[in-house]
>>> print(open('model_33.txt').read())   # compact mmCIF, C-alpha atoms and all ligand atoms
# COMPACT_ATOMS: atom_id res chain seq x y z
CA MET A 10 26.80 -16.08 31.24
CA LYS A 11 24.11 -14.84 28.86
CA ASN A 12 23.51 -16.41 25.47
CA ILE A 13 24.60 -14.47 22.41
CA TRP A 14 22.47 -15.11 19.34
CA ILE A 15 23.84 -14.17 15.93
CA ILE A 16 21.25 -15.01 13.32
CA ALA A 17 21.63 -14.43 9.59
CA ASN A 18 18.45 -13.56 7.71
CA TRP A 19 19.25 -13.96 4.04
CA LYS A 20 15.76 -12.80 3.01
CA SER A 21 15.05 -13.57 -0.68
CA ASN A 22 18.68 -14.03 -1.70
CA LYS A 23 21.18 -16.72 -2.75
CA THR A 24 21.10 -19.59 -5.18
CA ILE A 25 21.83 -23.05 -3.80
CA ALA A 26 25.44 -22.79 -5.03
CA GLU A 27 25.90 -19.43 -3.31
CA ALA A 28 24.33 -20.75 -0.13
CA LEU A 29 26.64 -23.76 -0.02
CA ASP A 30 29.66 -21.57 -0.68
CA TRP A 31 28.67 -19.42 2.34
CA VAL A 32 28.30 -22.50 4.57
CA ASP A 33 31.72 -23.80 3.43
CA ASN A 34 33.30 -20.48 4.37
CA VAL A 35 31.45 -19.67 7.58
CA GLY A 36 30.94 -23.13 9.09
CA PRO A 37 34.57 -24.05 9.88
CA SER A 38 35.29 -20.61 11.42
CA ILE A 39 32.52 -20.49 14.01
CA PRO A 40 34.03 -20.72 17.48
CA GLU A 41 32.75 -23.59 19.63
CA ASN A 42 31.15 -21.87 22.59
CA GLU A 43 28.11 -23.09 24.46
CA ASN A 44 26.68 -19.58 24.84
CA LEU A 45 27.23 -18.54 21.25
CA LYS A 46 24.17 -19.42 19.17
CA VAL A 47 24.88 -18.81 15.50
CA GLY A 48 22.11 -19.48 13.01
CA VAL A 49 21.29 -19.02 9.36
CA CYS A 50 17.86 -18.54 7.81
CA PRO A 51 18.02 -19.33 4.08
CA THR A 52 15.18 -19.37 1.56
CA PHE A 53 13.02 -22.51 1.44
CA SER A 54 14.68 -23.50 -1.85
CA CYS A 55 18.11 -23.78 -0.16
CA LEU A 56 17.00 -25.16 3.18
CA SER A 57 17.62 -28.88 2.74
CA GLU A 58 20.99 -28.40 0.98
CA VAL A 59 22.16 -25.98 3.67
CA LYS A 60 21.03 -28.35 6.39
CA LYS A 61 22.86 -31.24 4.74
CA ALA A 62 26.10 -29.25 4.38
CA ILE A 63 25.98 -28.18 8.03
CA THR A 64 25.33 -31.74 9.18
CA VAL A 65 28.15 -33.18 7.07
CA GLY A 66 30.57 -30.48 8.26
CA ASN A 67 29.34 -30.83 11.85
CA TYR A 68 29.29 -27.04 12.17
CA PRO A 69 27.86 -25.31 15.26
CA LEU A 70 25.26 -23.57 13.12
CA MET A 71 21.52 -23.64 13.63
CA VAL A 72 19.17 -23.53 10.68
CA GLY A 73 16.03 -21.43 10.55
CA ALA A 74 13.22 -20.63 8.16
CA GLN A 75 12.09 -17.07 7.48
CA ASP A 76 8.42 -17.96 7.76
CA LEU A 77 6.08 -20.93 7.95
CA SER A 78 2.44 -21.74 7.36
CA PRO A 79 -0.28 -20.85 9.86
CA PHE A 80 -1.93 -24.17 8.87
CA ASP A 81 -1.29 -27.87 9.34
CA ALA A 82 0.06 -29.87 6.41
CA GLY A 83 -2.67 -30.48 3.82
CA ALA A 84 -4.56 -28.67 1.08
CA TYR A 85 -2.80 -25.29 1.35
CA THR A 86 -1.15 -24.69 -2.02
CA GLY A 87 2.16 -22.89 -1.80
CA GLU A 88 2.51 -23.14 1.97
CA GLU A 89 5.42 -24.63 3.94
CA SER A 90 3.98 -26.23 7.06
CA ALA A 91 5.86 -26.56 10.33
CA PHE A 92 5.09 -30.28 10.31
CA LEU A 93 7.01 -30.71 7.06
CA LEU A 94 9.84 -28.40 8.10
CA LYS A 95 10.37 -30.16 11.41
CA GLY A 96 13.74 -31.92 11.37
CA LEU A 97 15.11 -29.47 8.82
CA ILE A 98 15.03 -26.38 11.01
CA ASP A 99 15.64 -25.41 14.63
CA LEU A 100 13.86 -22.07 14.54
CA SER A 101 11.75 -19.80 12.38
CA ILE A 102 11.63 -16.05 12.05
CA LEU A 103 7.96 -15.04 12.32
CA GLY A 104 6.27 -11.66 11.92
CA HIS A 105 9.08 -9.87 10.13
CA SER A 106 8.02 -6.34 9.13
CA GLU A 107 8.64 -7.20 5.46
CA ARG A 108 5.98 -9.89 5.75
CA ARG A 109 3.60 -7.63 7.64
CA GLN A 110 4.01 -4.92 4.96
CA ASN A 111 4.19 -6.96 1.76
CA PHE A 112 2.04 -9.96 2.62
CA SER A 113 -0.55 -8.37 4.93
CA GLU A 114 0.46 -10.48 7.89
CA THR A 115 -1.51 -9.66 11.01
CA ASP A 116 -0.82 -10.40 14.68
CA GLU A 117 -3.60 -13.00 14.45
CA ILE A 118 -1.91 -14.87 11.60
CA ILE A 119 1.44 -14.66 13.40
CA THR A 120 -0.13 -16.18 16.52
CA LYS A 121 -1.29 -19.14 14.39
CA LYS A 122 2.19 -19.55 12.92
CA VAL A 123 3.69 -19.52 16.41
CA ALA A 124 1.29 -22.26 17.50
CA GLN A 125 2.30 -24.38 14.48
CA ALA A 126 5.99 -23.84 15.23
CA LEU A 127 5.65 -24.78 18.90
CA GLN A 128 3.57 -27.88 18.16
CA ASN A 129 6.41 -29.07 15.94
CA ASN A 130 9.32 -28.23 18.25
CA ILE A 131 10.48 -25.28 16.16
CA MET A 132 11.57 -22.23 18.15
CA PRO A 133 9.69 -19.10 17.08
CA LEU A 134 11.81 -15.98 16.69
CA ILE A 135 9.23 -13.20 16.74
CA CYS A 136 10.04 -9.84 15.18
CA ILE A 137 8.64 -6.84 17.00
CA GLN A 138 8.63 -3.42 15.45
CA SER A 139 7.75 -1.28 18.45
CA GLN A 140 6.81 -1.46 22.10
CA ASP A 141 3.20 -2.13 21.03
CA THR A 142 3.83 -5.31 19.06
CA PRO A 143 2.33 -8.24 20.98
CA VAL A 144 4.43 -11.31 21.71
CA PRO A 145 2.35 -14.50 21.41
CA LYS A 146 2.24 -16.90 24.32
CA ASP A 147 5.24 -19.17 24.92
CA CYS A 148 7.61 -17.20 22.66
CA ARG A 149 10.91 -16.84 24.47
CA LEU A 150 13.03 -15.23 21.75
CA VAL A 151 12.13 -11.92 20.10
CA ALA A 152 13.96 -9.58 17.76
CA TYR A 153 13.38 -5.86 18.11
CA GLU A 154 13.66 -4.55 14.55
CA PRO A 155 12.53 -0.94 14.10
CA VAL A 156 11.45 -0.46 10.48
CA PHE A 157 13.51 2.72 10.02
CA ALA A 158 16.69 0.76 10.74
CA ILE A 159 16.14 -2.12 8.31
CA GLY A 160 18.39 -1.97 5.26
CA THR A 161 19.02 1.76 5.73
CA GLY A 162 22.44 1.80 7.35
CA LYS A 163 20.83 3.79 10.18
CA ALA A 164 20.73 1.48 13.19
CA ASP A 165 18.79 2.42 16.30
CA THR A 166 20.96 3.49 19.23
CA PRO A 167 22.03 0.59 21.46
CA GLU A 168 20.63 2.49 24.45
CA ASN A 169 17.20 2.89 22.89
CA ALA A 170 17.15 -0.74 21.76
CA ASN A 171 18.01 -1.73 25.31
CA GLU A 172 15.12 0.36 26.68
CA VAL A 173 12.71 -1.50 24.38
CA ALA A 174 14.23 -4.83 25.38
CA LYS A 175 13.82 -3.91 29.04
CA VAL A 176 10.14 -3.04 28.59
CA PHE A 177 9.51 -6.38 26.85
CA LYS A 178 11.28 -8.32 29.57
CA GLN A 179 9.22 -6.52 32.20
CA LYS A 180 6.04 -7.32 30.27
CA TYR A 181 6.72 -10.93 29.32
CA GLY A 182 9.19 -12.17 31.91
CA ASP A 183 12.87 -11.90 32.58
CA ASP A 184 13.60 -15.14 30.76
CA LEU A 185 12.46 -13.56 27.47
CA GLU A 186 15.54 -13.16 25.30
CA VAL A 187 15.58 -10.01 23.18
CA ILE A 188 17.91 -9.52 20.24
CA TYR A 189 18.30 -6.46 18.01
CA GLY A 190 18.04 -6.21 14.22
CA GLY A 191 18.45 -3.31 11.79
CA SER A 192 21.69 -2.30 10.04
CA VAL A 193 23.88 -4.42 12.30
CA ASN A 194 27.49 -4.74 11.16
CA SER A 195 30.91 -5.55 12.60
CA SER A 196 31.37 -1.96 13.79
CA ASN A 197 28.21 -1.69 15.88
CA VAL A 198 27.47 -5.27 16.98
CA GLN A 199 29.53 -5.12 20.15
CA LYS A 200 27.66 -2.01 21.36
CA PHE A 201 24.30 -3.77 21.01
CA VAL A 202 25.37 -7.05 22.54
CA SER A 203 27.02 -5.38 25.52
CA GLN A 204 23.69 -3.82 26.54
CA PRO A 205 22.37 -5.58 29.65
CA ASP A 206 19.01 -6.59 28.15
CA ILE A 207 20.10 -7.47 24.61
CA THR A 208 21.31 -10.98 23.92
CA GLY A 209 22.23 -10.95 20.27
CA VAL A 210 21.52 -9.70 16.78
CA LEU A 211 19.47 -10.54 13.67
CA VAL A 212 21.47 -9.58 10.61
CA GLY A 213 20.20 -8.92 7.08
CA ASN A 214 22.54 -7.32 4.52
CA ALA A 215 25.75 -7.90 6.46
CA SER A 216 24.98 -11.60 6.72
CA LEU A 217 25.03 -12.22 2.97
CA ASP A 218 28.77 -12.05 2.56
CA ALA A 219 30.57 -14.83 4.46
CA GLY A 220 33.50 -12.58 5.38
CA ALA A 221 31.25 -9.76 6.63
CA PHE A 222 29.23 -12.21 8.72
CA LEU A 223 32.37 -13.75 10.21
CA SER A 224 33.69 -10.31 11.08
CA ILE A 225 30.52 -9.74 13.13
CA ILE A 226 31.28 -12.90 15.11
CA LYS A 227 34.95 -11.89 15.44
CA ALA A 228 34.01 -8.40 16.68
CA LEU A 229 32.41 -10.07 19.70
CA GLU A 230 35.45 -12.16 20.51
CA GLY A 231 37.82 -9.25 20.99
P1 LIG A 301 19.50 -5.30 7.70
O1 LIG A 301 20.55 -5.91 8.58
O2 LIG A 301 19.78 -5.43 6.24
O3 LIG A 301 19.16 -3.90 8.12
O4 LIG A 301 18.16 -6.17 7.92
C1 LIG A 301 17.73 -6.41 9.20
C2 LIG A 301 16.65 -7.42 9.14
O5 LIG A 301 15.59 -7.18 8.63
C3 LIG A 301 16.96 -8.76 9.72
O6 LIG A 301 15.80 -9.52 9.86
>>> encode(input="model_33.txt", output="structure tokens")
Amino acid sequence: MKNIWIIANWKSNKTIAEALDWVDNVGPSIPENENLKVGVCPTFSCLSEVKKAITVGNYPLMVGAQDLSPFDAGAYTGEESAFLLKGLIDLSILGHSERRQNFSETDEIITKKVAQALQNNIMPLICIQSQDTPVPKDCRLVAYEPVFAIGTGKADTPENANEVAKVFKQKYGDDLEVIYGGSVNSSNVQKFVSQPDITGVLVGNASLDAGAFLSIIKALEG
């Protein structure tokens, strides 16, 4: 049976109190299923509190960052290094289009971030925007997120997303897991996940509300 990844990307949202409220609501309702990989990527300011709440509740919920430093720990003011994040997070989103657009992130910088993540046992979740986006070496989980579909309510078609996923698997190996992101909600999630080459979703807006996020998980159960 294939894995199903359902990852919440909160982007720059939620106070610590709001984050903990979400964990209290979502955590107890996640079904225990070996193939279901549910994760949440809060802001750095919430990370340790979210991690603590998940550990105390013993919820089947992975924790991710939305970014990390391309450098080792040291004299890099403002950066969050993988070495310091290790232990707090299981994975990190890297190369999101919002970082490429607003923070001038290049494929070269993303490759350095991936190396830092891997050295510190953090799973990189690479965002690709098109068939031309390179996937750095040793990345086994990528999210296809076409820019036109992000935050617009206009998701790509599941068939087209599957075509892109297929191309990436042909290019980088069949064990590459490809998930889809861009206006995913409880009404369309099943159509994406039932595609043969898509193994989950990365969810922005619809992940912010605990009930909306749970309804995405529920939509896959039925
Ligand atoms: P939306 O689900 O809000 O379209 O965002 C998708 C996204 O960017 C997830 O990383």
>>> residues_near_ligand(input="model_33.txt", ligand="ligand LIG 301 (chain A)", cutoff="9 Å", atoms="all atoms listed in the file", output="PyMOL selection string")
chain A and resi 16-20+75+102+105-107+136+152+154-164+189-194+210-216
>>> residues_around(input="model_33.txt", residues="stretch 126-135 of chain A", least_positions_apart="4", cutoff="6 Å", atoms="only C-alpha atoms", output="ChimeraX atom specification")
/A:91-92,99-104,150-151
>>> write_last_selection(input="model_33.txt", atoms="C-alpha atoms", output="PDB file, in the frame of the given file")
ATOM      1  CA  ALA A  91       5.860 -26.560  10.330  1.00  0.00           C
ATOM      2  CA  PHE A  92       5.090 -30.280  10.310  1.00  0.00           C
ATOM      3  CA  ASP A  99      15.640 -25.410  14.630  1.00  0.00           C
ATOM      4  CA  LEU A 100      13.860 -22.070  14.540  1.00  0.00           C
ATOM      5  CA  SER A 101      11.750 -19.800  12.380  1.00  0.00           C
ATOM      6  CA  ILE A 102      11.630 -16.050  12.050  1.00  0.00           C
ATOM      7  CA  LEU A 103       7.960 -15.040  12.320  1.00  0.00           C
ATOM      8  CA  GLY A 104       6.270 -11.660  11.920  1.00  0.00           C
ATOM      9  CA  LEU A 150      13.030 -15.230  21.750  1.00  0.00           C
ATOM     10  CA  VAL A 151      12.130 -11.920  20.100  1.00  0.00           C
TER      11      VAL A 151
END
>>> atom_distance(input="model_33.txt", atom1="atom CA of A:Val144", atom2="atom CA of A:Val176")
12.2 Å
>>> residues_around(input="model_33.txt", residues="A:Ser195", least_positions_apart="6", cutoff="12 Å", atoms="all atoms listed in the file", output="PyMOL selection string")
chain A and resi 15+201-202+210+212+214-216+220-231
>>> write_last_selection(input="model_33.txt", atoms="C-alpha atoms", output="PDB file, keeping the file's coordinate frame")
ATOM      1  CA  ILE A  15      23.840 -14.170  15.930  1.00  0.00           C
ATOM      2  CA  PHE A 201      24.300  -3.770  21.010  1.00  0.00           C
ATOM      3  CA  VAL A 202      25.370  -7.050  22.540  1.00  0.00           C
ATOM      4  CA  VAL A 210      21.520  -9.700  16.780  1.00  0.00           C
ATOM      5  CA  VAL A 212      21.470  -9.580  10.610  1.00  0.00           C
ATOM      6  CA  ASN A 214      22.540  -7.320   4.520  1.00  0.00           C
ATOM      7  CA  ALA A 215      25.750  -7.900   6.460  1.00  0.00           C
ATOM      8  CA  SER A 216      24.980 -11.600   6.720  1.00  0.00           C
ATOM      9  CA  GLY A 220      33.500 -12.580   5.380  1.00  0.00           C
ATOM     10  CA  ALA A 221      31.250  -9.760   6.630  1.00  0.00           C
ATOM     11  CA  PHE A 222      29.230 -12.210   8.720  1.00  0.00           C
ATOM     12  CA  LEU A 223      32.370 -13.750  10.210  1.00  0.00           C
ATOM     13  CA  SER A 224      33.690 -10.310  11.080  1.00  0.00           C
ATOM     14  CA  ILE A 225      30.520  -9.740  13.130  1.00  0.00           C
ATOM     15  CA  ILE A 226      31.280 -12.900  15.110  1.00  0.00           C
ATOM     16  CA  LYS A 227      34.950 -11.890  15.440  1.00  0.00           C
ATOM     17  CA  ALA A 228      34.010  -8.400  16.680  1.00  0.00           C
ATOM     18  CA  LEU A 229      32.410 -10.070  19.700  1.00  0.00           C
ATOM     19  CA  GLU A 230      35.450 -12.160  20.510  1.00  0.00           C
ATOM     20  CA  GLY A 231      37.820  -9.250  20.990  1.00  0.00           C
TER      21      GLY A 231
END
>>> residues_around(input="model_33.txt", residues="A:Glu114", least_positions_apart="3", cutoff="12 Å", atoms="all atoms listed in the file", output="PyMOL selection string")
chain A and resi 76-79+103-111+117-122
>>> closest_residue(input="model_33.txt", among="A:Ser196, A:Pro145, A:Gly87, A:Ala26", to="A:Lys180", atoms="only C-alpha atoms")
A:Pro145
>>> residues_around(input="model_33.txt", residues="A:Asn34", least_positions_apart="3", cutoff="10 Å", atoms="only C-alpha atoms", output="list in words")
Leu29, Asp30, Trp31, Pro37, Ser38, Ile39, Asp218, Ala219, Gly220 and Leu223 of chain A
>>> atom_distance(input="model_33.txt", atom1="atom CA of A:Cys55", atom2="atom CA of A:Leu217")
13.8 Å
>>> atom_distance(input="model_33.txt", atom1="atom CA of A:Leu93", atom2="atom CA of A:Leu56")
12.1 Å
>>> residues_around(input="model_33.txt", residues="A:Gly36", least_positions_apart="2", cutoff="8 Å", atoms="all atoms listed in the file", output="ChimeraX atom specification")
/A:32-34,38-39,63,66,68-70
>>> axis_aligned_box(input="model_33.txt", around="stretch 147-162 of chain A", padding_each_side="3 Å", output="AutoDock Vina command-line options")
--center_x 13.8 --center_y -8.2 --center_z 15.1 --size_x 23.2 --size_y 27.9 --size_z 25.7
>>> closest_residue(input="model_33.txt", among="A:Thr166, A:Asn42, A:Gln140, A:Ser90", to="A:Ala124", atoms="all atoms listed in the file")
A:Ser90
